[in-house]
$ cat start_15.csv   # CSV, C-alpha atoms
chain,number,residue,atom,x,y,z
A,167,MET,CA,11.5,12.8,1.8
A,168,ARG,CA,11.3,13.3,5.6
A,169,ARG,CA,7.7,14.4,5.4
A,170,ALA,CA,6.8,11.3,3.3
A,171,LEU,CA,8.6,9.0,5.7
A,172,ALA,CA,6.9,10.7,8.6
A,173,PHE,CA,3.5,10.2,7.1
A,174,LEU,CA,4.0,6.6,5.9
A,175,THR,CA,5.9,5.3,8.9
A,176,PRO,CA,6.6,6.1,12.5
A,177,LEU,CA,10.1,7.2,11.3
A,178,GLY,CA,11.1,10.7,10.2
A,179,GLY,CA,9.9,12.5,13.3
A,180,SER,CA,7.0,15.0,13.4
A,181,ALA,CA,6.4,16.7,10.0
A,182,THR,CA,3.3,18.4,8.6
A,183,PRO,CA,2.7,17.1,5.1
A,184,ASP,CA,2.4,19.5,2.2
A,185,ALA,CA,1.7,19.3,-1.5
A,186,ARG,CA,5.3,18.1,-2.3
A,187,THR,CA,5.1,15.2,0.1
A,188,LEU,CA,3.2,13.0,-2.3
A,189,SER,CA,6.0,13.3,-4.9
A,190,TRP,CA,8.3,11.5,-2.6
A,191,PHE,CA,5.9,8.6,-1.9
A,192,PRO,CA,7.4,6.3,-4.6
A,193,VAL,CA,10.9,6.8,-3.4
A,194,ALA,CA,9.9,6.3,0.3
A,195,GLY,CA,8.1,3.1,-0.7
A,196,ALA,CA,11.2,1.8,-2.6
A,197,LEU,CA,13.3,2.5,0.5
A,198,LEU,CA,10.8,0.7,2.8
A,199,GLY,CA,10.6,-2.3,0.4
A,200,ALA,CA,14.4,-2.5,0.1
A,201,ALA,CA,14.7,-2.5,3.9
A,202,LEU,CA,12.1,-5.3,4.2
A,203,GLY,CA,13.8,-7.2,1.3
A,204,GLY,CA,17.1,-7.0,3.1
A,205,LEU,CA,15.4,-8.3,6.2
A,206,TRP,CA,13.8,-11.1,4.2
A,207,TRP,CA,17.1,-12.2,2.7
A,208,GLY,CA,18.8,-12.2,6.2
A,209,ALA,CA,15.9,-14.0,7.8
A,210,GLN,CA,16.0,-16.8,5.2
A,211,GLU,CA,19.7,-17.3,6.0
A,212,LEU,CA,18.8,-18.1,9.6
A,213,TRP,CA,15.3,-19.5,9.7
A,214,PRO,CA,12.9,-21.7,7.5
A,215,PRO,CA,11.0,-19.9,4.8
A,216,LEU,CA,7.8,-19.7,6.8
A,217,VAL,CA,9.4,-18.1,9.8
A,218,ALA,CA,11.4,-15.7,7.6
A,219,ALA,CA,8.1,-14.7,5.9
A,220,ALA,CA,6.4,-14.1,9.2
A,221,ILE,CA,9.3,-11.9,10.3
A,222,VAL,CA,8.9,-9.7,7.2
A,223,VAL,CA,5.1,-9.5,7.6
A,224,VAL,CA,5.5,-8.4,11.2
A,225,ALA,CA,8.3,-6.0,10.3
A,226,ASP,CA,6.1,-4.4,7.7
A,227,LEU,CA,3.4,-3.8,10.2
A,228,ALA,CA,5.9,-2.2,12.6
A,229,LEU,CA,7.4,0.0,9.9
A,230,THR,CA,4.1,1.3,8.8
A,231,GLY,CA,2.7,1.6,12.3
A,232,MET,CA,-0.2,-0.6,11.1
A,233,LEU,CA,-1.6,2.6,9.5
A,234,HIS,CA,-2.3,0.9,6.2
A,235,VAL,CA,-3.8,-2.2,7.6
A,236,ASP,CA,-6.1,-0.1,9.7
A,237,GLY,CA,-7.1,1.7,6.5
A,238,LEU,CA,-7.8,-1.7,4.9
A,239,ALA,CA,-10.0,-2.8,7.8
A,240,ASP,CA,-12.0,0.5,7.8
A,241,SER,CA,-12.3,0.6,4.0
A,242,ALA,CA,-13.6,-3.0,3.9
A,243,ASP,CA,-16.2,-2.3,6.6
A,244,GLY,CA,-17.3,0.9,4.8
A,245,LEU,CA,-17.1,0.0,1.1
A,246,LEU,CA,-18.2,-3.7,1.0
A,247,PRO,CA,-21.5,-3.8,2.9
A,248,HIS,CA,-24.8,-2.4,1.4
A,249,ALA,CA,-25.2,1.1,2.7
A,250,ASP,CA,-25.6,4.7,1.5
A,251,ARG,CA,-22.7,7.1,1.1
A,252,ARG,CA,-23.3,8.8,4.4
A,253,ARG,CA,-23.5,5.6,6.4
A,254,ARG,CA,-20.3,4.2,4.7
A,255,LEU,CA,-18.4,7.3,5.8
A,256,GLU,CA,-19.7,7.0,9.3
A,257,ILE,CA,-18.6,3.4,9.5
A,258,MET,CA,-15.2,4.2,8.2
A,259,ALA,CA,-14.8,7.0,10.8
A,260,GLY,CA,-15.8,4.8,13.7
A,261,PRO,CA,-13.1,3.3,16.0
A,262,ASP,CA,-14.4,-0.3,15.9
A,263,VAL,CA,-13.7,-3.0,13.3
A,264,GLY,CA,-16.5,-5.1,11.9
A,265,ALA,CA,-16.6,-8.6,10.3
A,266,PHE,CA,-15.7,-7.3,6.8
A,267,GLY,CA,-12.6,-5.6,8.1
A,268,VAL,CA,-11.4,-8.6,10.2
A,269,ALA,CA,-11.9,-11.0,7.3
A,270,VAL,CA,-10.2,-8.9,4.7
A,271,VAL,CA,-7.2,-8.0,6.9
A,272,ALA,CA,-6.8,-11.7,8.0
A,273,GLY,CA,-7.0,-12.8,4.3
A,274,ALA,CA,-4.5,-10.2,3.2
A,275,LEU,CA,-2.0,-11.1,5.9
A,276,LEU,CA,-2.3,-14.8,5.2
A,277,LEU,CA,-1.8,-14.3,1.5
A,278,ARG,CA,1.3,-12.1,2.1
A,279,LEU,CA,2.7,-14.7,4.5
A,280,ALA,CA,2.1,-17.6,2.1
A,281,CYS,CA,3.5,-15.7,-0.9
A,282,LEU,CA,6.7,-14.7,0.8
A,283,ALA,CA,7.2,-18.2,2.2
A,284,SER,CA,7.0,-19.7,-1.3
A,285,MET,CA,9.7,-17.5,-2.9
A,286,GLU,CA,13.4,-16.9,-2.5
A,287,ALA,CA,14.2,-13.6,-0.9
A,288,ASN,CA,14.4,-10.8,-3.5
A,289,VAL,CA,15.3,-7.3,-2.3
A,290,LEU,CA,14.5,-5.5,-5.6
A,291,LEU,CA,11.1,-7.2,-5.9
A,292,LEU,CA,9.9,-5.8,-2.6
A,293,ALA,CA,11.4,-2.4,-3.4
A,294,GLY,CA,9.4,-2.3,-6.7
A,295,VAL,CA,6.2,-3.6,-5.1
A,296,TRP,CA,6.3,-1.2,-2.2
A,297,SER,CA,7.3,1.7,-4.5
A,298,GLY,CA,4.3,0.8,-6.7
A,299,SER,CA,1.9,0.8,-3.8
A,300,ARG,CA,3.0,4.2,-2.7
A,301,THR,CA,2.7,5.5,-6.2
A,302,VAL,CA,-0.9,4.4,-6.3
A,303,MET,CA,-1.5,6.2,-3.0
A,304,ALA,CA,0.0,9.4,-4.4
A,305,VAL,CA,-1.9,9.3,-7.7
A,306,ALA,CA,-5.2,8.5,-6.0
A,307,ALA,CA,-4.8,11.3,-3.5
A,308,ARG,CA,-4.2,13.9,-6.3
A,309,ALA,CA,-6.4,12.6,-9.1
A,310,LEU,CA,-9.6,11.8,-7.1
A,311,PRO,CA,-11.7,14.1,-5.0
A,312,TYR,CA,-11.6,13.9,-1.2
A,313,ALA,CA,-14.7,12.1,0.1
A,314,ARG,CA,-15.1,14.1,3.3
A,315,GLY,CA,-16.1,17.7,2.6
A,316,GLU,CA,-14.6,19.0,5.9
A,317,GLY,CA,-11.1,18.0,4.9
A,318,GLY,CA,-8.7,15.9,6.8
A,319,LEU,CA,-5.1,14.7,6.9
A,320,VAL,CA,-5.0,13.8,3.2
A,321,ALA,CA,-6.4,17.2,2.3
A,322,ALA,CA,-3.2,18.7,3.8
A,323,PHE,CA,-1.0,17.5,1.0
A,324,ARG,CA,-3.4,17.4,-2.0
A,325,GLY,CA,-2.6,19.6,-5.0
A,326,GLY,CA,-0.2,19.5,-7.9
A,327,ASP,CA,-0.3,17.5,-11.1
A,328,TRP,CA,-0.7,13.8,-10.5
A,329,ARG,CA,0.5,12.8,-13.9
A,330,PHE,CA,4.1,13.6,-13.5
A,331,SER,CA,4.5,12.0,-10.1
A,332,GLY,CA,2.4,9.0,-11.3
A,333,LEU,CA,4.6,8.5,-14.4
A,334,ALA,CA,7.8,8.9,-12.4
A,335,GLY,CA,6.6,6.4,-9.8
A,336,LEU,CA,5.4,3.9,-12.4
A,337,ILE,CA,8.8,4.0,-14.1
A,338,LEU,CA,10.7,3.6,-10.8
A,339,ALA,CA,8.5,0.7,-9.6
A,340,VAL,CA,8.3,-1.2,-12.8
A,341,SER,CA,12.1,-0.8,-13.4
A,342,LEU,CA,12.8,-2.2,-10.0
A,343,GLY,CA,10.5,-5.1,-10.8
A,344,ALA,CA,12.3,-5.7,-14.1
A,345,PHE,CA,15.7,-5.7,-12.4
A,346,ALA,CA,14.3,-8.1,-9.8
A,347,GLY,CA,14.3,-11.0,-12.2
A,348,GLY,CA,12.6,-10.5,-15.5
A,349,ARG,CA,9.1,-10.3,-16.8
A,350,GLN,CA,7.2,-11.9,-13.9
A,351,PRO,CA,8.3,-9.4,-11.2
A,352,GLU,CA,7.8,-6.6,-13.6
A,353,LEU,CA,4.3,-7.8,-14.4
A,354,ALA,CA,3.6,-8.3,-10.7
A,355,VAL,CA,4.4,-4.7,-9.9
A,356,ALA,CA,2.2,-3.4,-12.8
A,357,ILE,CA,-0.8,-5.7,-11.9
A,358,GLY,CA,-0.5,-4.8,-8.2
A,359,MET,CA,-0.7,-1.1,-9.0
A,360,ALA,CA,-3.7,-1.7,-11.2
A,361,ALA,CA,-5.4,-3.6,-8.3
A,362,GLY,CA,-4.6,-0.8,-5.9
A,363,GLY,CA,-6.1,1.7,-8.4
A,364,GLY,CA,-9.2,-0.5,-8.5
A,365,VAL,CA,-9.7,0.1,-4.8
A,366,ALA,CA,-9.5,3.8,-5.2
A,367,LEU,CA,-12.0,3.7,-8.1
A,368,LEU,CA,-14.4,1.6,-6.0
A,369,ALA,CA,-14.2,4.3,-3.3
A,370,ARG,CA,-14.8,7.0,-5.9
A,371,ARG,CA,-18.0,5.2,-6.9
A,372,ARG,CA,-19.3,4.3,-3.4
A,373,ILE,CA,-18.3,7.3,-1.3
A,374,GLY,CA,-17.5,10.0,-3.9
A,375,GLY,CA,-13.7,10.0,-3.6
A,376,VAL,CA,-10.8,8.8,-1.4
A,377,THR,CA,-10.0,9.1,2.3
A,378,GLY,CA,-6.8,8.3,4.2
A,379,ASP,CA,-8.3,4.9,4.9
A,380,VAL,CA,-8.8,4.3,1.2
A,381,LEU,CA,-5.3,5.2,0.4
A,382,GLY,CA,-4.0,2.7,3.0
A,383,ALA,CA,-6.3,0.0,1.6
A,384,ALA,CA,-5.2,0.7,-1.9
A,385,GLY,CA,-1.6,0.3,-0.9
A,386,VAL,CA,-2.1,-3.0,1.0
A,387,VAL,CA,-4.1,-4.5,-1.9
A,388,ALA,CA,-1.5,-3.4,-4.4
A,389,GLU,CA,1.2,-5.1,-2.5
A,390,THR,CA,-0.7,-8.3,-1.8
A,391,VAL,CA,-1.8,-8.7,-5.4
A,392,ALA,CA,1.7,-8.1,-6.7
A,393,LEU,CA,3.1,-10.7,-4.3
A,394,LEU,CA,0.4,-13.2,-5.5
A,395,VAL,CA,1.5,-12.6,-9.2
A,396,ALA,CA,5.2,-12.8,-8.3
A,397,SER,CA,4.8,-16.1,-6.5
A,398,ALA,CA,2.7,-17.7,-9.2
A,399,GLN,CA,4.3,-20.8,-10.8
A,400,TRP,CA,3.9,-20.0,-14.5

$ encode --input "start_15.csv" --output "structure tokens"
Amino acid sequence: MRRALAFLTPLGGSATPDARTLSWFPVAGALLGAALGGLWWGAQELWPPLVAAAIVVVADLALTGMLHVDGLADSADGLLPHADRRRRLEIMAGPDVGAFGVAVVAGALLLRLACLASMEANVLLLAGVWSGSRTVMAVAARALPYARGEGGLVAAFRGGDWRFSGLAGLILAVSLGAFAGGRQPELAVAIGMAAGGGVALLARRRIGGVTGDVLGAAGVVAETVALLVASAQW
């Protein structure tokens, strides 16, 4: 657990990830989501919904060290423009952020802010959504090849059967969604996970596999789509 928290957040201290780290991703995600959900509930007691939502969005950036948003920006710059595989990987490895990255990150943050501001605080909803996003990361890291042949941080904890951890994470995330208030939160978690998986599959097609940036992008997309579904007025 500590290794998972150390990789996903600035918390947990320094810990080198290993093959078992990925198995704890869904639980670590649930804890992060529950913490943000508790903050969301408390903030709504003190401030208007828009301010409370902004506090949660900023707190999420702080808790993740902006690692996943950085991955979203790099992945958007690399995966969306027309380029060959080598050039895409070069773009994603570069320190600068291009127009695609800025636009996608801004859009994601605005959507997250609007969705949270439109709903009543729900701790279990965020626990389920964040657990689902980390499940997507864990499954993609184990089930898909690593795009950079020389290895990297993700390569340090690859290995093991993705099906068991994926199934366990799916059950945990969807169950939290169901307990959050019925079919819509449950469906939101499931659709969000599918959207995050779509990002990983896009990377598989365009660069031959996943990278750390792709995993971060898949997580942010999973969370954002889940919040969109959860806030829909059906």

$ residues_near_point --input "start_15.csv" --point "(12.4, -4.6, -10.3)" --cutoff "10 Å" --atoms "all atoms listed in the file" --output "list of chain:residue names"
A:Asn288, A:Val289, A:Leu290, A:Leu291, A:Leu292, A:Ala293, A:Gly294, A:Val295, A:Ser297, A:Leu338, A:Ala339, A:Val340, A:Ser341, A:Leu342, A:Gly343, A:Ala344, A:Phe345, A:Ala346, A:Gly347, A:Gly348, A:Arg349, A:Gln350, A:Pro351, A:Glu352, A:Leu353, A:Ala354, A:Val355

$ residues_around --input "start_15.csv" --residues "A:Gln210" --least-positions-apart "4" --cutoff "10 Å" --atoms "all atoms listed in the file" --output "JSON, numbers by chain"
{"A": [205, 206, 214, 215, 216, 217, 218, 219, 221, 283, 286, 287]}

$ closest_atom_pairs --input "start_15.csv" --of "stretch 261-333 of chain A" --to "stretch 369-386 of chain A" --cutoff "8 Å" --atoms "only C-alpha atoms" --output "JSON lines"
{"residue": "A:Ala274", "atom": "CA", "partner": "A:Val386", "partner_atom": "CA", "distance": 7.9}
{"residue": "A:Ser299", "atom": "CA", "partner": "A:Gly385", "partner_atom": "CA", "distance": 4.6}
{"residue": "A:Arg300", "atom": "CA", "partner": "A:Gly385", "partner_atom": "CA", "distance": 6.3}
{"residue": "A:Val302", "atom": "CA", "partner": "A:Gly385", "partner_atom": "CA", "distance": 6.8}
{"residue": "A:Met303", "atom": "CA", "partner": "A:Leu381", "partner_atom": "CA", "distance": 5.2}
{"residue": "A:Ala306", "atom": "CA", "partner": "A:Leu381", "partner_atom": "CA", "distance": 7.2}
{"residue": "A:Ala307", "atom": "CA", "partner": "A:Val376", "partner_atom": "CA", "distance": 6.8}
{"residue": "A:Leu310", "atom": "CA", "partner": "A:Gly375", "partner_atom": "CA", "distance": 5.7}
{"residue": "A:Pro311", "atom": "CA", "partner": "A:Gly375", "partner_atom": "CA", "distance": 4.8}
{"residue": "A:Tyr312", "atom": "CA", "partner": "A:Gly375", "partner_atom": "CA", "distance": 5.0}
{"residue": "A:Ala313", "atom": "CA", "partner": "A:Gly375", "partner_atom": "CA", "distance": 4.4}
{"residue": "A:Arg314", "atom": "CA", "partner": "A:Thr377", "partner_atom": "CA", "distance": 7.2}
{"residue": "A:Leu319", "atom": "CA", "partner": "A:Gly378", "partner_atom": "CA", "distance": 7.2}
{"residue": "A:Val320", "atom": "CA", "partner": "A:Gly378", "partner_atom": "CA", "distance": 5.9}

$ closest_residue --input "start_15.csv" --among "A:Asp250, A:Ser241, A:Leu394, A:Met258" --to "A:Cys281" --atoms "only C-alpha atoms"
A:Leu394

$ residues_around --input "start_15.csv" --residues "A:Gly264" --least-positions-apart "4" --cutoff "9 Å" --atoms "all atoms listed in the file" --output "MDAnalysis selection string"
chainID A and resid 239:240 242:243 268:269

$ residues_around --input "start_15.csv" --residues "A:Val222" --least-positions-apart "6" --cutoff "9 Å" --atoms "all atoms listed in the file" --output "list in words"
Leu202, Gly203, Leu205, Trp206, Ala209, Leu279 and Leu282 of chain A

$ closest_residue --input "start_15.csv" --among "A:Ala396, A:Val391, A:Ala334, A:Leu245" --to "A:Leu367" --atoms "only C-alpha atoms"
A:Leu245

$ closest_residue --input "start_15.csv" --among "A:Arg278, A:His234, A:Arg186, A:His248" --to "A:Ser331" --atoms "all atoms listed in the file"
A:Arg186

$ atom_distance --input "start_15.csv" --atom1 "atom CA of A:Trp190" --atom2 "atom CA of A:Val223"
23.6 Å

$ closest_residue --input "start_15.csv" --among "A:Gly195, A:Gly364, A:Pro247, A:Gly298" --to "A:Ile337" --atoms "all atoms listed in the file"
A:Gly298

$ atom_distance --input "start_15.csv" --atom1 "atom CA of A:Gly273" --atom2 "atom CA of A:Arg308"
28.9 Å

$ residues_around --input "start_15.csv" --residues "A:Leu198" --least-positions-apart "2" --cutoff "10 Å" --atoms "all atoms listed in the file" --output "MDAnalysis selection string"
chainID A and resid 171 174:175 192:196 200:204 226 229:230 292:293 296:297

$ atom_distance --input "start_15.csv" --atom1 "atom CA of A:Ala356" --atom2 "atom CA of A:Val270"
22.1 Å

$ closest_residue --input "start_15.csv" --among "A:Leu333, A:Ala309, A:Met359, A:Val387" --to "A:Val271" --atoms "all atoms listed in the file"
A:Val387

$ closest_residue --input "start_15.csv" --among "A:Leu233, A:Ala280, A:Ala249, A:Leu188" --to "A:Gly335" --atoms "all atoms listed in the file"
A:Leu188
